[in-house]
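J.: This is the structure I have questions about; it appears just below.
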Amino acid sequence: MKRRRFTTSAAAITATAALPDTASASTPRIGMADVDRLQAAFTQVLASTNVHGGNSQLEDRALAFAQHVTELQTTAVASQRVRQELYYLAAAFTGSAFWAASEAQAPGRAQQYLDRAFRLGGLSGKPDIQLLLYGHAAFLSSDLGHTHDALAAKQAAKASPLCRRDPLYRSLTAARIACSQAQLGEHTQARRSLEVAAKAFDQADPAVPRAAWVGFYDRSELEGLSGLAMAHLGMHDQAEAHFHRTLAHLRPEYQRNRKYYSSHLAMAQLRQGDVDTAYATASSVLPDAGGPLPTGRQRKLLSKFHRELALTDTRAATSWADRCPTGRDHR
């Protein structure tokens, strides 16, 4: 954590621009206008995640905002409503730092952020931040291979009052649950969860105001999660169909997701024996000549593709090894 504390000092300069001016008063007062500015900053962090995925710059920026928002709790005068919003935002920014660390395949650091985010989120008293953080917990558990823990976290999210009231949240949690059930080999339960997710999505009113963080969940993401579940079940032809629909519906700004689901599409094609098509799909994820190769989770996905492609002993496998030599790094 020492490096993170050092590097956040630079990011703090940017974070301060979104905060109230505290230099003119020994005990500053903050209100909902300040909260709105911080909420706009959080929305910008989310937008950056959609484009670039998790990286050290995003992690530092999110931590800087979280630190400043937490400091406001002890240095400023505010109403109870404003304080609850500040706890919410501190948890949300810390959750973004978690996501960046998780994307960078740094589970120890990610766990620290998640623990802190849960504490702050609990102090906010807001159910949607709890739902967000249960999703993060499930993601980390799944990444570590703790599938039963991941499913338990997703089931906890499903119990949120938001899922009872709003079919969009219900759809998201059901689709995520399906992925864990599929990983555990629960074919019937996974398919039923996907049916619940699809039905609830169709019932959701897109005009209903919701938390900024759930803005990523649309038809494309539903198709993507369905594709992941089908892949876990070994139904690679159905997975491929879902991934094609994901990429067709994906919003242009979601560059991280395009690379992520393109990599999964390539795996689905490869596992059906369509080597040349899989090679072409995976190649679309690689940078132009001379550009840096993917890192973190994306690199791990491509490494998995590399290992399975190498088993085909084809010209495509040789070409891929030349283009993406670091695909051999992860075992």
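Each chain in the structure tokens gets a letter, A, B and so on, in the order shown; residues start at 1 in every chain, and ligands are counted from 1 in the order they appear.
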Just the residues within 12 Å of His249 (chain A), please, counting only C-alpha atoms, with nothing from its chain fewer than 2 positions along; format it as a list of chain:residue names.
T.: A:Tyr217, A:Asp218, A:Arg219, A:Ser220, A:Glu221, A:Leu222, A:Glu223, A:Gly224, A:His242, A:Phe243, A:His244, A:Arg245, A:Thr246, A:Leu247, A:Arg251, A:Pro252, A:Glu253, A:Tyr254, A:Asn257, A:Arg258, A:Tyr261
J.: Just want the 10 Å neighbourhood of Val69 (chain A), counted on only C-alpha atoms, with same-chain residues fewer than 4 positions away dropped. Output as a list in words.
T.: Ala15, Thr16, Leu19, Val35, Leu38, Leu63, Ala64, Phe65, Gln73, Thr74, Arg83, Glu85, Leu86, Tyr87, Tyr88, Leu89, Ala90, Ala91 and Phe93 of chain A
J.: Got time to write the residues from that selection, N, CA, C and O atoms, as a tab-separated table (two decimals), in the first residue's frame?
T.:
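In the end it all went to part-v2.tsv:
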```tsv
chain	number	residue	atom	x	y	z
A	15	ALA	N	-8.38	15.75	-7.84
A	15	ALA	CA	-9.56	15.53	-7.02
A	15	ALA	C	-10.01	16.81	-6.33
A	15	ALA	O	-11.20	17.08	-6.20
A	16	THR	N	-9.05	17.62	-5.87
A	16	THR	CA	-9.39	18.83	-5.13
A	16	THR	C	-10.23	19.78	-5.96
A	16	THR	O	-11.05	20.54	-5.41
A	19	LEU	N	-13.87	19.63	-5.19
A	19	LEU	CA	-14.28	19.78	-3.80
A	19	LEU	C	-14.52	21.25	-3.47
A	19	LEU	O	-14.03	22.14	-4.14
A	35	VAL	N	-21.96	17.86	-3.14
A	35	VAL	CA	-22.21	16.45	-3.39
A	35	VAL	C	-22.41	16.21	-4.89
A	35	VAL	O	-21.91	15.24	-5.46
A	38	LEU	N	-19.16	16.14	-6.71
A	38	LEU	CA	-18.45	14.88	-6.48
A	38	LEU	C	-19.11	13.74	-7.23
A	38	LEU	O	-18.43	12.84	-7.73
A	63	LEU	N	-8.72	6.71	-5.50
A	63	LEU	CA	-8.29	6.77	-4.11
A	63	LEU	C	-8.17	8.20	-3.62
A	63	LEU	O	-8.49	8.51	-2.46
A	64	ALA	N	-7.70	9.09	-4.50
A	64	ALA	CA	-7.58	10.49	-4.11
A	64	ALA	C	-8.95	11.08	-3.80
A	64	ALA	O	-9.12	11.79	-2.79
A	65	PHE	N	-9.93	10.80	-4.63
A	65	PHE	CA	-11.29	11.28	-4.35
A	65	PHE	C	-11.83	10.68	-3.06
A	65	PHE	O	-12.42	11.37	-2.24
A	73	GLN	N	-15.69	14.50	6.01
A	73	GLN	CA	-16.52	14.06	7.13
A	73	GLN	C	-16.00	14.61	8.46
A	73	GLN	O	-16.78	14.84	9.39
A	74	THR	N	-14.70	14.81	8.57
A	74	THR	CA	-14.12	15.26	9.84
A	74	THR	C	-13.82	16.75	9.87
A	74	THR	O	-13.63	17.31	10.95
A	83	ARG	N	-24.01	14.04	4.85
A	83	ARG	CA	-23.04	13.07	5.36
A	83	ARG	C	-23.30	11.67	4.81
A	83	ARG	O	-22.36	10.94	4.47
A	85	GLU	N	-24.57	11.01	1.93
A	85	GLU	CA	-24.12	11.04	0.54
A	85	GLU	C	-22.60	10.95	0.46
A	85	GLU	O	-22.04	10.33	-0.45
A	86	LEU	N	-21.91	11.59	1.40
A	86	LEU	CA	-20.45	11.53	1.41
A	86	LEU	C	-19.96	10.12	1.68
A	86	LEU	O	-18.99	9.66	1.07
A	87	TYR	N	-20.60	9.43	2.62
A	87	TYR	CA	-20.23	8.04	2.86
A	87	TYR	C	-20.46	7.20	1.60
A	87	TYR	O	-19.65	6.33	1.25
A	88	TYR	N	-21.57	7.47	0.94
A	88	TYR	CA	-21.89	6.75	-0.30
A	88	TYR	C	-20.79	6.97	-1.34
A	88	TYR	O	-20.29	6.02	-1.96
A	89	LEU	N	-20.40	8.23	-1.52
A	89	LEU	CA	-19.40	8.55	-2.53
A	89	LEU	C	-18.03	8.02	-2.16
A	89	LEU	O	-17.28	7.55	-3.04
A	90	ALA	N	-17.68	8.06	-0.89
A	90	ALA	CA	-16.40	7.49	-0.47
A	90	ALA	C	-16.36	6.00	-0.77
A	90	ALA	O	-15.35	5.47	-1.24
A	91	ALA	N	-17.48	5.31	-0.53
A	91	ALA	CA	-17.56	3.88	-0.84
A	91	ALA	C	-17.49	3.66	-2.34
A	91	ALA	O	-16.83	2.72	-2.81
A	93	PHE	N	-16.11	5.60	-4.73
A	93	PHE	CA	-14.76	5.85	-5.24
A	93	PHE	C	-13.81	4.72	-4.83
A	93	PHE	O	-12.97	4.27	-5.63
```
J.: Might you pull out every residue within 9 Å of Leu233 (chain A), with only C-alpha atoms counted and same-chain residues fewer than 6 positions away left off, and present them as a count of residues only?
T.: 7
J.: Mind listing the helix (DSSP H, G or I) residues of region 6-161 of chain A, per DSSP on the backbone, as a ChimeraX atom specification?
T.: /A:6-16,32-52,56-75,80-103,107-124,127-143,147-158,161
J.: What separation in Å, quoted to one decimal, exists between CA of Leu131 (chain A) and CA of Ser262 (chain A)?
T.: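 It comes out at 27.3 Å.
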J.: List the spatial neighbours of Val77 (chain A) as a list in words - criterion: any atom at most 9 Å away, only C-alpha atoms, same-chain residues fewer than 2 positions off excluded.
T.: Thr27, Pro28, Arg29, Ile30, Gly31, Leu72, Gln73, Thr74, Thr75 and Ser79 of chain A
J.: Could you work out how far CA of Leu151 (chain A) lies from CA of Met267 (chain A), giving the answer in Å with one decimal?
T.: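 So the answer is 23.7 Å.
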J.: Which neighbours of region 206-215 of chain A fall inside 10 Å, counting only C-alpha atoms, when residues of the same chain fewer than 4 positions from it are skipped, and could you give them as a ChimeraX atom specification?
T.: /A:39-40,42-43,46-47,92,96,128-129,132,166,168-169,172,201-202
J.: Could you please take those selected residues and save C-alpha atoms as a compact mmCIF listing (two decimals), in the first residue's frame?
T.:
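To be explicit, this is the file written out as part-v3.txt:
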```txt
# COMPACT_ATOMS: atom_id res chain seq x y z
CA GLN A 39 -21.12 12.72 -8.08
CA ALA A 40 -20.16 14.20 -11.46
CA PHE A 42 -17.55 9.73 -9.91
CA THR A 43 -19.45 9.54 -13.21
CA LEU A 46 -16.91 5.35 -14.41
CA ALA A 47 -16.61 6.68 -17.96
CA ALA A 92 -18.20 4.34 -4.56
CA SER A 96 -13.61 2.05 -8.34
CA ASP A 128 -27.69 0.40 -4.11
CA ILE A 129 -24.09 0.79 -2.91
CA LEU A 132 -22.67 -2.70 -6.14
CA ASP A 166 -36.69 -2.65 -9.81
CA LEU A 168 -33.32 -3.98 -13.96
CA TYR A 169 -31.37 -4.72 -10.78
CA LEU A 172 -28.47 -8.00 -13.43
CA PHE A 201 -34.83 -6.96 -18.35
CA ASP A 202 -37.81 -6.73 -20.69
```
J.: So how far away is CA of Arg307 (chain A) from CA of Ala231 (chain A), in Å?
T.: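 A separation of 17.2 Å between them.
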J.: Excluding Thr314 (chain A) and its own-chain neighbours fewer than 3 positions away, which residues fall within 12 Å of it when counting only C-alpha atoms? Please give them as a short mmCIF file (atom, residue, chain, number, x, y, z; two decimals) with C-alpha atoms, in the first residue's frame.
T.:
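What ended up in result.cif:
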```cif
data_model
loop_
_atom_site.label_atom_id
_atom_site.label_comp_id
_atom_site.auth_asym_id
_atom_site.auth_seq_id
_atom_site.Cartn_x
_atom_site.Cartn_y
_atom_site.Cartn_z
CA GLY A 273 -12.67 -26.01 -33.94
CA ASP A 274 -12.96 -22.80 -36.02
CA VAL A 275 -9.28 -21.98 -35.64
CA ASP A 276 -8.86 -19.37 -38.37
CA TYR A 279 -7.41 -16.28 -34.66
CA GLU A 308 -5.47 -23.56 -26.29
CA LEU A 309 -4.56 -22.32 -29.75
CA ALA A 310 -1.05 -23.80 -29.39
CA LEU A 311 -2.60 -27.24 -28.95
CA ALA A 317 -0.91 -20.96 -33.69
CA THR A 318 2.55 -20.16 -35.01
CA SER A 319 1.47 -16.76 -36.27
CA TRP A 320 -0.17 -15.95 -32.93
CA ALA A 321 2.98 -16.86 -30.99
#
```
